[in-house]
>>> print(open('upload.txt').read())   # compact mmCIF, C-alpha atoms and all ligand atoms
# COMPACT_ATOMS: atom_id res chain seq x y z
CA MET K 1 -14.43 1.92 -12.31
CA ASP K 2 -13.22 1.25 -15.86
CA PRO K 3 -10.79 3.63 -17.62
CA THR K 4 -12.54 3.25 -20.96
CA ILE K 5 -15.55 5.16 -19.57
CA ARG K 6 -13.36 8.23 -20.09
CA ASN K 7 -13.58 7.54 -23.85
CA PHE K 8 -17.39 7.67 -23.71
CA MET K 9 -17.03 11.20 -22.31
CA ASP K 10 -15.48 12.32 -25.62
CA GLU K 11 -17.61 13.69 -28.42
CA ASP K 12 -16.54 10.78 -30.60
CA PRO K 13 -15.64 7.76 -28.46
CA GLY K 14 -14.87 5.60 -31.50
CA TYR K 15 -17.05 2.85 -30.07
CA GLY K 16 -20.25 3.15 -28.10
CA LEU K 17 -22.26 6.34 -27.91
CA PRO K 18 -20.92 9.50 -26.30
CA ILE K 19 -22.36 10.33 -22.90
CA PRO K 20 -23.97 13.77 -23.24
CA LEU K 21 -23.13 16.43 -20.68
CA GLY K 22 -25.36 15.79 -17.69
CA GLY K 23 -26.16 12.30 -18.96
CA VAL K 24 -26.02 9.14 -16.89
CA VAL K 25 -22.62 7.48 -17.09
CA ARG K 26 -22.61 3.95 -18.47
CA GLY K 27 -20.42 1.33 -16.84
CA MET K 28 -19.95 -2.19 -15.61
CA ILE K 29 -22.12 -2.91 -12.59
CA ILE K 30 -23.14 -5.61 -10.17
CA GLY K 31 -26.57 -5.48 -8.64
CA GLU K 32 -29.57 -7.34 -7.33
CA VAL K 33 -32.61 -8.01 -9.50
CA MET K 34 -35.49 -6.13 -7.86
CA SER K 35 -38.17 -6.97 -10.39
CA SER K 36 -38.26 -9.00 -13.60
CA LYS K 37 -40.60 -9.76 -16.47
CA ALA K 38 -38.20 -12.37 -17.86
CA GLU K 39 -39.06 -15.89 -16.70
CA GLN K 40 -35.42 -16.97 -16.39
CA VAL K 41 -34.45 -14.01 -14.19
CA VAL K 42 -35.69 -14.31 -10.64
CA PRO K 43 -35.86 -11.30 -8.29
CA GLY K 44 -33.17 -11.56 -5.63
CA THR K 45 -30.60 -12.91 -8.10
CA MET K 46 -27.29 -11.05 -8.16
CA VAL K 47 -26.23 -10.13 -11.70
CA TRP K 48 -23.39 -8.31 -13.43
CA GLY K 49 -23.30 -6.58 -16.77
CA PHE K 50 -23.17 -3.26 -18.54
CA GLY K 51 -25.44 -0.74 -16.81
CA SER K 52 -24.98 2.77 -15.52
CA TRP K 53 -23.78 4.66 -12.47
CA SER K 54 -27.22 4.86 -10.88
CA ASP K 55 -29.26 3.36 -8.07
CA TYR K 56 -31.49 1.38 -10.44
CA VAL K 57 -30.98 0.10 -13.96
CA VAL K 58 -33.66 -1.19 -16.32
CA GLY K 59 -32.61 -3.40 -19.21
CA PRO K 60 -33.29 -6.55 -21.19
CA ALA K 61 -32.37 -9.83 -19.47
CA ARG K 62 -29.66 -10.54 -22.08
CA GLN K 63 -27.73 -7.50 -20.81
CA PHE K 64 -27.01 -9.18 -17.48
CA PHE K 65 -25.24 -12.34 -16.35
CA ALA K 66 -26.31 -14.18 -13.22
CA LEU K 67 -23.79 -14.73 -10.45
CA PRO K 68 -23.82 -18.14 -8.74
CA THR K 69 -26.19 -18.75 -5.84
CA PRO K 70 -24.85 -18.94 -3.21
CA LEU K 71 -21.95 -16.65 -4.07
CA ALA K 72 -18.56 -18.33 -3.94
CA TYR K 73 -16.73 -15.01 -3.38
CA ASP K 74 -17.38 -11.58 -1.91
CA LEU K 75 -19.30 -9.49 -4.44
CA PRO K 76 -16.42 -7.20 -5.56
CA VAL K 77 -14.41 -10.25 -6.68
CA TYR K 78 -16.98 -10.66 -9.48
CA ALA K 79 -15.91 -7.20 -10.65
CA HIS K 80 -12.30 -8.39 -10.74
CA ALA K 81 -10.72 -11.81 -11.24
CA MET K 82 -14.07 -13.65 -11.44
CA GLY K 83 -15.63 -11.10 -13.82
CA THR K 84 -14.72 -8.88 -16.74
CA ILE K 85 -11.20 -8.13 -15.54
CA GLY K 86 -10.30 -11.80 -15.24
CA LEU K 87 -11.89 -12.48 -18.63
CA THR K 88 -10.09 -9.54 -20.23
CA ALA K 89 -6.68 -10.67 -19.00
CA TYR K 90 -7.35 -14.31 -19.88
CA TYR K 91 -8.77 -13.61 -23.34
CA GLY K 92 -5.97 -11.17 -24.13
CA MET K 93 -3.12 -13.35 -22.93
CA PHE K 94 -4.25 -16.78 -24.15
CA ASP K 95 -6.56 -16.11 -27.12
CA ILE K 96 -5.25 -12.87 -28.61
CA ALA K 97 -1.54 -13.04 -27.68
CA ALA K 98 -1.65 -16.86 -27.96
CA LEU K 99 0.92 -17.24 -25.18
CA ARG K 100 3.39 -20.09 -25.70
CA ALA K 101 5.68 -21.77 -23.18
CA GLY K 102 8.97 -19.93 -22.93
CA ASP K 103 7.65 -16.63 -24.32
CA GLN K 104 9.32 -13.38 -23.25
CA VAL K 105 6.38 -11.26 -22.11
CA LEU K 106 5.94 -7.55 -21.41
CA VAL K 107 2.84 -6.20 -19.63
CA SER K 108 2.25 -2.46 -19.22
CA GLY K 109 0.02 -1.18 -16.42
CA ALA K 110 1.49 -4.17 -14.59
CA ALA K 111 0.20 -3.36 -11.09
CA GLY K 112 -3.31 -2.43 -12.22
CA ALA K 113 -6.40 -4.61 -12.26
CA VAL K 114 -5.98 -6.16 -15.71
CA GLY K 115 -2.17 -5.99 -15.71
CA SER K 116 -1.76 -7.73 -12.35
CA LEU K 117 -3.76 -10.69 -13.65
CA ALA K 118 -2.24 -10.69 -17.14
CA GLY K 119 1.27 -11.01 -15.69
CA GLN K 120 0.22 -13.88 -13.44
CA PHE K 121 -1.58 -15.62 -16.31
CA ALA K 122 1.60 -15.39 -18.39
CA ARG K 123 3.59 -17.01 -15.60
CA LEU K 124 0.93 -19.69 -15.03
CA GLY K 125 0.90 -20.30 -18.79
CA GLY K 126 4.62 -21.08 -18.82
CA ALA K 127 6.17 -17.82 -20.04
CA GLY K 128 9.96 -17.77 -19.94
CA LYS K 129 10.14 -14.24 -18.55
CA VAL K 130 7.46 -11.77 -17.47
CA VAL K 131 8.38 -8.10 -17.20
CA GLY K 132 6.00 -5.36 -16.09
CA ILE K 133 5.96 -1.59 -16.46
CA ALA K 134 4.31 0.40 -13.66
CA GLY K 135 4.40 3.87 -12.15
CA GLY K 136 6.32 4.18 -8.89
CA ALA K 137 8.56 2.10 -6.66
CA GLU K 138 5.69 0.82 -4.52
CA LYS K 139 3.76 -0.45 -7.53
CA CYS K 140 6.85 -2.09 -8.97
CA LEU K 141 7.56 -3.75 -5.64
CA ARG K 142 4.04 -5.17 -5.59
CA ALA K 143 4.29 -6.30 -9.21
CA VAL K 144 7.31 -8.45 -8.39
CA ARG K 145 6.39 -9.52 -4.83
CA ASP K 146 2.65 -10.08 -5.22
CA TYR K 147 2.05 -10.71 -8.91
CA GLY K 148 5.15 -12.75 -9.68
CA TYR K 149 6.77 -10.51 -12.28
CA ASP K 150 10.44 -11.34 -12.84
CA LEU K 151 11.17 -7.64 -13.14
CA CYS K 152 9.28 -4.37 -13.09
CA ILE K 153 10.35 -1.14 -14.80
CA ASP K 154 9.24 2.04 -13.02
CA TYR K 155 8.49 4.31 -15.96
CA LYS K 156 8.24 7.38 -13.69
CA GLN K 157 11.89 7.06 -12.57
CA LEU K 158 13.48 6.61 -15.92
CA ASP K 159 14.84 8.97 -18.48
CA SER K 160 15.36 6.08 -20.76
CA LEU K 161 12.62 3.53 -20.81
CA SER K 162 14.12 2.26 -24.02
CA SER K 163 17.44 1.19 -22.50
CA SER K 164 15.63 -0.46 -19.56
CA LEU K 165 13.54 -2.48 -21.99
CA LYS K 166 16.64 -3.44 -23.93
CA ALA K 167 18.35 -4.61 -20.73
CA ALA K 168 15.23 -6.49 -19.57
CA PHE K 169 14.86 -8.34 -22.86
CA PRO K 170 18.29 -9.42 -24.16
CA ASN K 171 16.45 -12.10 -26.16
CA GLY K 172 13.71 -9.78 -27.44
CA ILE K 173 9.98 -9.71 -26.75
CA ASP K 174 7.53 -12.38 -27.94
CA VAL K 175 4.35 -11.00 -26.37
CA ILE K 176 3.27 -7.51 -25.38
CA PHE K 177 0.06 -7.21 -23.36
CA GLU K 178 -0.58 -3.50 -23.81
CA ASN K 179 -2.67 -1.46 -21.38
CA VAL K 180 -1.09 1.98 -21.75
CA GLY K 181 -0.08 2.76 -25.35
CA GLY K 182 1.74 5.99 -26.24
CA ALA K 183 5.52 6.10 -25.73
CA GLN K 184 5.56 2.85 -23.74
CA LEU K 185 4.14 0.90 -26.67
CA SER K 186 6.20 2.73 -29.29
CA LEU K 187 9.44 1.93 -27.46
CA ALA K 188 8.54 -1.68 -26.70
CA LEU K 189 7.77 -2.39 -30.36
CA GLN K 190 11.48 -1.85 -31.16
CA TYR K 191 12.38 -5.03 -29.28
CA LEU K 192 9.86 -7.40 -30.83
CA ASN K 193 11.06 -10.78 -31.97
CA LYS K 194 10.01 -12.20 -35.30
CA HIS K 195 6.38 -13.36 -35.23
CA ALA K 196 5.76 -11.60 -31.94
CA ARG K 197 2.18 -10.93 -30.84
CA VAL K 198 0.86 -7.70 -29.36
CA ALA K 199 -2.49 -7.89 -27.56
CA LEU K 200 -3.81 -4.34 -27.52
CA CYS K 201 -6.05 -4.29 -24.45
CA GLY K 202 -6.11 -0.57 -23.78
CA MET K 203 -4.28 2.71 -24.36
CA ILE K 204 -4.97 4.67 -21.20
CA ASP K 205 -2.22 7.17 -21.99
CA GLY K 206 -4.37 8.44 -24.84
CA TYR K 207 -7.73 8.56 -23.03
CA GLY K 208 -8.72 12.21 -23.10
CA ASN K 209 -5.57 12.97 -25.10
CA HIS K 210 -5.81 12.06 -28.76
CA ASP K 211 -2.27 13.07 -29.68
CA ARG K 212 -0.53 10.31 -27.76
CA GLN K 213 -0.63 7.37 -30.15
CA PRO K 214 2.20 5.06 -31.18
CA SER K 215 4.14 6.69 -33.95
CA LYS K 216 4.09 5.48 -37.51
CA ASP K 217 7.80 4.70 -37.19
CA ALA K 218 7.11 2.44 -34.22
CA LEU K 219 4.40 0.54 -36.08
CA TRP K 220 6.93 -0.13 -38.85
CA ASN K 221 8.42 -2.73 -36.47
CA LEU K 222 5.31 -4.84 -37.01
CA VAL K 223 6.14 -5.00 -40.69
CA ILE K 224 9.79 -5.88 -40.41
CA LYS K 225 9.22 -8.44 -37.64
CA SER K 226 6.17 -10.00 -39.32
CA ALA K 227 4.51 -9.42 -35.95
CA ARG K 228 0.81 -9.33 -35.23
CA LEU K 229 -0.94 -6.58 -33.28
CA GLU K 230 -4.56 -7.28 -32.45
CA GLY K 231 -6.90 -5.16 -30.45
CA PHE K 232 -9.75 -6.74 -28.53
CA LEU K 233 -12.71 -5.97 -26.30
CA VAL K 234 -13.81 -8.34 -23.60
CA SER K 235 -17.36 -7.78 -24.82
CA ASN K 236 -16.42 -9.89 -27.87
CA ILE K 237 -16.68 -13.01 -25.72
CA LEU K 238 -19.26 -12.15 -23.06
CA ASN K 239 -22.09 -13.80 -24.95
CA HIS K 240 -20.09 -16.99 -25.58
CA LYS K 241 -21.07 -18.52 -22.27
CA HIS K 242 -19.30 -21.83 -22.79
CA ARG K 243 -16.01 -19.96 -23.29
CA THR K 244 -16.40 -17.52 -20.42
CA ASP K 245 -17.49 -20.38 -18.11
CA ALA K 246 -14.35 -22.31 -19.04
CA MET K 247 -12.14 -19.27 -18.48
CA LEU K 248 -13.74 -18.48 -15.12
CA ALA K 249 -13.47 -22.14 -14.07
CA GLN K 250 -9.71 -22.01 -14.74
CA ILE K 251 -9.37 -18.69 -12.88
CA HIS K 252 -11.38 -20.13 -9.96
CA GLN K 253 -9.07 -23.14 -9.89
CA TRP K 254 -5.99 -20.91 -9.77
CA ILE K 255 -7.51 -18.84 -6.96
CA THR K 256 -8.50 -21.85 -4.85
CA SER K 257 -5.10 -23.50 -5.33
CA GLY K 258 -3.43 -20.31 -4.08
CA SER K 259 -1.74 -19.61 -7.42
CA LEU K 260 -3.49 -16.35 -8.25
CA ARG K 261 -3.62 -13.14 -6.29
CA TYR K 262 -6.08 -10.31 -6.87
CA ASP K 263 -6.26 -7.01 -5.02
CA LEU K 264 -9.41 -4.99 -4.56
CA ASP K 265 -9.63 -1.32 -3.71
CA VAL K 266 -13.22 -0.79 -2.63
CA ARG K 267 -14.40 2.79 -2.03
CA PHE K 268 -17.78 3.75 -0.69
CA GLY K 269 -20.43 6.24 -1.72
CA PHE K 270 -22.02 7.55 -4.84
CA ALA K 271 -21.05 11.19 -4.28
CA CYS K 272 -17.32 10.56 -4.53
CA ILE K 273 -17.46 8.58 -7.76
CA PRO K 274 -15.88 11.38 -9.85
CA ARG K 275 -12.90 11.64 -7.47
CA THR K 276 -12.62 7.88 -7.29
CA PHE K 277 -12.75 7.57 -11.09
CA ASP K 278 -9.88 10.07 -11.38
CA CYS K 279 -7.66 7.68 -9.41
CA LEU K 280 -7.48 5.47 -12.50
CA PHE K 281 -5.60 8.25 -14.28
CA SER K 282 -3.39 9.38 -11.39
CA GLY K 283 -2.63 5.80 -10.36
CA GLN K 284 -3.80 6.44 -6.77
CA HIS K 285 -5.45 3.10 -6.25
CA ARG K 286 -4.38 -0.44 -5.53
CA GLY K 287 -5.64 -3.21 -7.78
CA ARG K 288 -9.21 -3.24 -9.04
CA LEU K 289 -11.05 -0.04 -8.16
CA VAL K 290 -14.66 -0.65 -7.22
CA VAL K 291 -17.31 1.65 -5.77
CA GLN K 292 -19.79 0.10 -3.39
CA LEU K 293 -23.11 1.90 -2.97
CA ASP K 294 -24.76 1.42 0.35
CA ASP K 295 -27.36 3.70 1.90
CA ALA K 296 -26.18 2.75 5.38
CA LEU K 297 -22.71 4.16 4.73
CA PRO K 298 -21.61 7.80 4.78
CA SER K 299 -22.12 9.42 1.39
CA CYS K 300 -18.47 9.80 0.48
CA GLN K 301 -15.37 8.20 1.98
CA LEU K 302 -12.08 8.54 0.22
N1 LIG C 401 -10.08 -4.45 -24.02
C1 LIG C 401 -10.95 -4.57 -23.02
O1 LIG C 401 -12.01 -5.18 -23.13
C2 LIG C 401 -10.59 -3.96 -21.70
C3 LIG C 401 -11.29 -4.29 -20.53
C4 LIG C 401 -10.90 -3.71 -19.32
C5 LIG C 401 -9.85 -2.82 -19.29
N2 LIG C 401 -9.21 -2.52 -20.46
C6 LIG C 401 -8.05 -1.59 -20.48
O2 LIG C 401 -7.04 -2.12 -19.66
C7 LIG C 401 -6.25 -1.06 -19.15
C8 LIG C 401 -6.15 -1.20 -17.64
O3 LIG C 401 -7.44 -1.05 -17.08
P1 LIG C 401 -7.71 -1.40 -15.54
O4 LIG C 401 -9.16 -1.39 -15.33
O5 LIG C 401 -6.93 -2.61 -15.18
O6 LIG C 401 -7.12 -0.13 -14.81
P2 LIG C 401 -5.89 -0.08 -13.80
O7 LIG C 401 -4.69 -0.61 -14.54
O8 LIG C 401 -6.24 -0.70 -12.52
O9 LIG C 401 -5.74 1.48 -13.57
C9 LIG C 401 -5.22 2.29 -14.55
C10 LIG C 401 -3.68 2.45 -14.35
O10 LIG C 401 -3.12 2.95 -15.56
C11 LIG C 401 -1.96 3.67 -15.27
N3 LIG C 401 -1.99 4.93 -16.00
C12 LIG C 401 -2.95 5.87 -15.99
N4 LIG C 401 -2.64 6.88 -16.83
C13 LIG C 401 -1.44 6.56 -17.36
C14 LIG C 401 -0.57 7.19 -18.29
N5 LIG C 401 -0.88 8.37 -18.86
N6 LIG C 401 0.59 6.58 -18.62
C15 LIG C 401 0.93 5.39 -18.06
N7 LIG C 401 0.15 4.74 -17.19
C16 LIG C 401 -1.02 5.32 -16.85
C17 LIG C 401 -1.92 3.90 -13.75
O11 LIG C 401 -0.96 2.98 -13.26
P3 LIG C 401 0.51 3.47 -12.84
O12 LIG C 401 0.37 4.05 -11.48
O13 LIG C 401 1.31 2.25 -12.91
O14 LIG C 401 0.91 4.52 -13.86
C18 LIG C 401 -3.30 3.47 -13.29
O15 LIG C 401 -3.27 2.91 -12.01
C19 LIG C 401 -6.92 0.24 -19.62
O16 LIG C 401 -6.28 0.68 -20.78
C20 LIG C 401 -8.34 -0.21 -19.93
O17 LIG C 401 -8.98 0.63 -20.86
C21 LIG C 401 -9.56 -3.06 -21.65
>>> encode(input="upload.txt", output="structure tokens", more="lines below")
Ligand SMILES: NC(=O)c1ccc[n+]([C@@H]2O[C@H](COP(=O)([O-])OP(=O)(O)OC[C@H]3O[C@@H](n4cnc5c(N)ncnc54)[C@H](OP(=O)(O)O)[C@@H]3O)[C@@H](O)[C@H]2O)c1
Amino acid sequence: MDPTIRNFMDEDPGYGLPIPLGGVVRGMIIGEVMSSKAEQVVPGTMVWGFGSWSDYVVGPARQFFALPTPLAYDLPVYAHAMGTIGLTAYYGMFDIAALRAGDQVLVSGAAGAVGSLAGQFARLGGAGKVVGIAGGAEKCLRAVRDYGYDLCIDYKQLDSLSSSLKAAFPNGIDVIFENVGGAQLSLALQYLNKHARVALCGMIDGYGNHDRQPSKDALWNLVIKSARLEGFLVSNILNHKHRTDAMLAQIHQWITSGSLRYDLDVRFGFACIPRTFDCLFSGQHRGRLVVQLDDALPSCQL
């Protein structure tokens, strides 16, 4: 379940084609190759890639990436730390934000799939301070206890997010890993240090709501701080296998050494996908939200 799918449900998604009403929803999937005309793809292989919310997907071999045989992890992990989510957080934190030792780092959506990894990557990369923003006391508790954030700001409890950010960053912010956008981004930009870097991973606050963008005034901070804001899509690197292999090897090493935690929230059944998808926008999930389809299971369990 990826929040950006909501953008494809708009008339003009900005990237990718809109999904017509009644159309099949596109999304990231993991599945088993049932039949193949490509020599290098053997039936029985487990693959991941961009497909659709459907029982079967037909596509060119280049659309899919083989998982290792035998699998080193349970399948859903390849939809999280060992798949696009791990790559997104890694690419955003190390390549786009160019994390440096000692950096003061802010991550929004800190308890979510990408955010929980991005915060840990910042810590593992030697950040001086890692602060998260998340919705609710329970999520903030997890951000600090499980994902190693130094501090987490509960944006739902605060009248003044701005003063909390100011208190959290007496020495200013060097890196923002942005998952939410809107007011959270606008306010955080005020506290940028000179030559700060903002990795714009997502702007979920604006998905389905086109009015909530960072204000022009907020973006002015990029000018006066000579800061760099760069958006990115994980798809930029998916076909650079040597790079993604190296990133996944590092993530694997962190997992096996006990340095990296990932949480999976696996729901079952095709019929409840719409309700499950909505959890991404209400925050009613824990970690990476995945739907597992299995004929042997009841059709919808929430
Ligand atoms: N650039 C890329 O290639 C790429 C790839 C994957 C994901 N992303 C982006 O990364 C972000 C996180 O995705 P994810 O898959 O890891 O999802 P996630 O963080 O696990 O789930 C989404 C979370 O966003 C928060 N949220 C939802 N609506 C919000 C709002 N209006 N204001 C503030 N917070 C809100 C909720 O957390 P709280 O309960 O804490 O509010 C919710 O749990 C999204 O923006 C997504 O589009 C980008």
>>> residues_around(input="upload.txt", residues="segment 32-48 of chain K", least_positions_apart="5", cutoff="6 Å", atoms="all atoms listed in the file", output="list in words")
Phe64, Phe65, Ala66 and Leu67 of chain K
>>> write_last_selection(input="upload.txt", atoms="C-alpha atoms", output="mmCIF file, in the frame of the given file")
data_model
loop_
_atom_site.group_PDB
_atom_site.id
_atom_site.type_symbol
_atom_site.label_atom_id
_atom_site.label_comp_id
_atom_site.auth_asym_id
_atom_site.auth_seq_id
_atom_site.Cartn_x
_atom_site.Cartn_y
_atom_site.Cartn_z
ATOM 1 C CA PHE K 64 -27.010 -9.180 -17.480
ATOM 2 C CA PHE K 65 -25.240 -12.340 -16.350
ATOM 3 C CA ALA K 66 -26.310 -14.180 -13.220
ATOM 4 C CA LEU K 67 -23.790 -14.730 -10.450
#
>>> residues_around(input="upload.txt", residues="Leu222 of chain K", least_positions_apart="4", cutoff="10 Å", atoms="only C-alpha atoms", output="list in words")
Leu189, Gln190, Leu192, Asn193, Lys194, His195, Ala196, Arg197, Val198, Asp217, Ala218, Ser226, Ala227, Arg228 and Leu229 of chain K
>>> closest_atom_pairs(input="upload.txt", of="segment 131-180 of chain K", to="segment 104-122 of chain K", cutoff="8 Å", atoms="all atoms listed in the file", output="Markdown table")
| residue | atom | partner | partner_atom | distance |
| --- | --- | --- | --- | --- |
| K:Val131 | CA | K:Leu106 | CA | 4.9 |
| K:Gly132 | CA | K:Val107 | CA | 4.8 |
| K:Ile133 | CA | K:Ser108 | CA | 4.7 |
| K:Ala134 | CA | K:Gly109 | CA | 5.3 |
| K:Gly135 | CA | K:Gly109 | CA | 7.9 |
| K:Lys139 | CA | K:Ala111 | CA | 5.8 |
| K:Cys140 | CA | K:Ala111 | CA | 7.1 |
| K:Arg142 | CA | K:Ala111 | CA | 6.9 |
| K:Ala143 | CA | K:Ala111 | CA | 5.4 |
| K:Tyr147 | CA | K:Gln120 | CA | 5.8 |
| K:Gly148 | CA | K:Gln120 | CA | 6.3 |
| K:Tyr149 | CA | K:Gly119 | CA | 6.5 |
| K:Cys152 | CA | K:Ala110 | CA | 7.9 |
| K:Phe169 | CA | K:Gln104 | CA | 7.5 |
| K:Asn171 | CA | K:Gln104 | CA | 7.8 |
| K:Gly172 | CA | K:Gln104 | CA | 7.1 |
| K:Ile173 | CA | K:Gln104 | CA | 5.1 |
| K:Asp174 | CA | K:Gln104 | CA | 5.1 |
| K:Val175 | CA | K:Val105 | CA | 4.7 |
| K:Ile176 | CA | K:Leu106 | CA | 4.8 |
| K:Phe177 | CA | K:Val107 | CA | 4.8 |
| K:Glu178 | CA | K:Ser108 | CA | 5.5 |
| K:Asn179 | CA | K:Ser108 | CA | 5.5 |
| K:Val180 | CA | K:Ser108 | CA | 6.1 |
>>> residues_around(input="upload.txt", residues="segment 14-26 of chain K", least_positions_apart="5", cutoff="6 Å", atoms="only C-alpha atoms", output="compact mmCIF listing (two decimals) with C-alpha atoms, in the coordinates of the input")
# COMPACT_ATOMS: atom_id res chain seq x y z
CA PHE K 8 -17.39 7.67 -23.71
CA MET K 9 -17.03 11.20 -22.31
CA GLY K 51 -25.44 -0.74 -16.81
CA SER K 52 -24.98 2.77 -15.52
CA TRP K 53 -23.78 4.66 -12.47
>>> atom_distance(input="upload.txt", atom1="atom CA of Tyr78 of chain K", atom2="atom CA of Leu264 of chain K")
10.7 Å
>>> residues_around(input="upload.txt", residues="Ala81 of chain K", least_positions_apart="4", cutoff="9 Å", atoms="only C-alpha atoms", output="PyMOL selection string")
chain K and resi 77+85-87+89+113-114+117+248+251-252+255+261-262+288
>>> closest_residue(input="upload.txt", among="K:His210, K:Arg243, K:Lys225, K:Arg286", to="ligand LIG 401 (chain C)", atoms="only C-alpha atoms and all ligand atoms")
K:Arg286
>>> closest_residue(input="upload.txt", among="K:Gly128, K:Gly208, K:Gly102, K:Gly31", to="ligand LIG 401 (chain C)", atoms="only C-alpha atoms and all ligand atoms")
K:Gly208
>>> decode(input="upload.txt", residues="segment 197-215 of chain K", atoms="N, CA and C atoms", output="JSON list (two decimals), in the first residue's frame")
[["chain", "number", "residue", "atom", "x", "y", "z"],
["K", 197, "ARG", "N", 20.16, 20.68, 3.26],
["K", 197, "ARG", "CA", 19.61, 19.89, 2.16],
["K", 197, "ARG", "C", 18.23, 19.35, 2.55],
["K", 198, "VAL", "N", 17.29, 19.48, 1.63],
["K", 198, "VAL", "CA", 15.94, 18.97, 1.88],
["K", 198, "VAL", "C", 15.65, 17.88, 0.83],
["K", 199, "ALA", "N", 15.49, 16.65, 1.30],
["K", 199, "ALA", "CA", 15.14, 15.55, 0.39],
["K", 199, "ALA", "C", 13.62, 15.42, 0.39],
["K", 200, "LEU", "N", 13.02, 15.78, -0.72],
["K", 200, "LEU", "CA", 11.56, 15.78, -0.81],
["K", 200, "LEU", "C", 11.10, 14.41, -1.30],
["K", 201, "CYS", "N", 10.75, 13.57, -0.34],
["K", 201, "CYS", "CA", 10.37, 12.18, -0.66],
["K", 201, "CYS", "C", 8.89, 12.09, -0.99],
["K", 202, "GLY", "N", 8.08, 12.81, -0.24],
["K", 202, "GLY", "CA", 6.64, 12.76, -0.47],
["K", 202, "GLY", "C", 5.96, 13.92, 0.21],
["K", 203, "MET", "N", 4.71, 14.16, -0.15],
["K", 203, "MET", "CA", 3.94, 15.28, 0.43],
["K", 203, "MET", "C", 2.53, 14.80, 0.68],
["K", 204, "ILE", "N", 2.42, 13.80, 1.57],
["K", 204, "ILE", "CA", 1.13, 13.11, 1.75],
["K", 204, "ILE", "C", 0.02, 14.06, 2.18],
["K", 205, "ASP", "N", 0.39, 15.14, 2.85],
["K", 205, "ASP", "CA", -0.64, 16.10, 3.29],
["K", 205, "ASP", "C", -1.39, 16.69, 2.10],
["K", 206, "GLY", "N", -0.76, 16.69, 0.94],
["K", 206, "GLY", "CA", -1.41, 17.28, -0.23],
["K", 206, "GLY", "C", -2.05, 16.26, -1.16],
["K", 207, "TYR", "N", -1.93, 14.95, -0.84],
["K", 207, "TYR", "CA", -2.50, 13.95, -1.74],
["K", 207, "TYR", "C", -4.03, 14.04, -1.64],
["K", 208, "GLY", "N", -4.66, 14.33, -2.75],
["K", 208, "GLY", "CA", -6.10, 14.50, -2.75],
["K", 208, "GLY", "C", -6.51, 15.89, -2.30],
["K", 209, "ASN", "N", -5.54, 16.74, -2.01],
["K", 209, "ASN", "CA", -5.84, 18.10, -1.56],
["K", 209, "ASN", "C", -4.76, 19.03, -2.13],
["K", 210, "HIS", "N", -5.08, 19.67, -3.24],
["K", 210, "HIS", "CA", -4.04, 20.39, -3.97],
["K", 210, "HIS", "C", -3.71, 21.76, -3.40],
["K", 211, "ASP", "N", -4.48, 22.17, -2.37],
["K", 211, "ASP", "CA", -4.23, 23.51, -1.82],
["K", 211, "ASP", "C", -3.11, 23.52, -0.80],
["K", 212, "ARG", "N", -2.79, 22.34, -0.26],
["K", 212, "ARG", "CA", -1.85, 22.32, 0.86],
["K", 212, "ARG", "C", -0.41, 22.13, 0.38],
["K", 213, "GLN", "N", 0.18, 23.19, -0.10],
["K", 213, "GLN", "CA", 1.56, 23.15, -0.55],
["K", 213, "GLN", "C", 2.37, 24.11, 0.32],
["K", 214, "PRO", "N", 3.69, 23.95, 0.38],
["K", 214, "PRO", "CA", 4.46, 24.92, 1.15],
["K", 214, "PRO", "C", 4.31, 26.31, 0.53],
["K", 215, "SER", "N", 4.19, 27.30, 1.38],
["K", 215, "SER", "CA", 3.92, 28.63, 0.86],
["K", 215, "SER", "C", 5.16, 29.21, 0.20]]
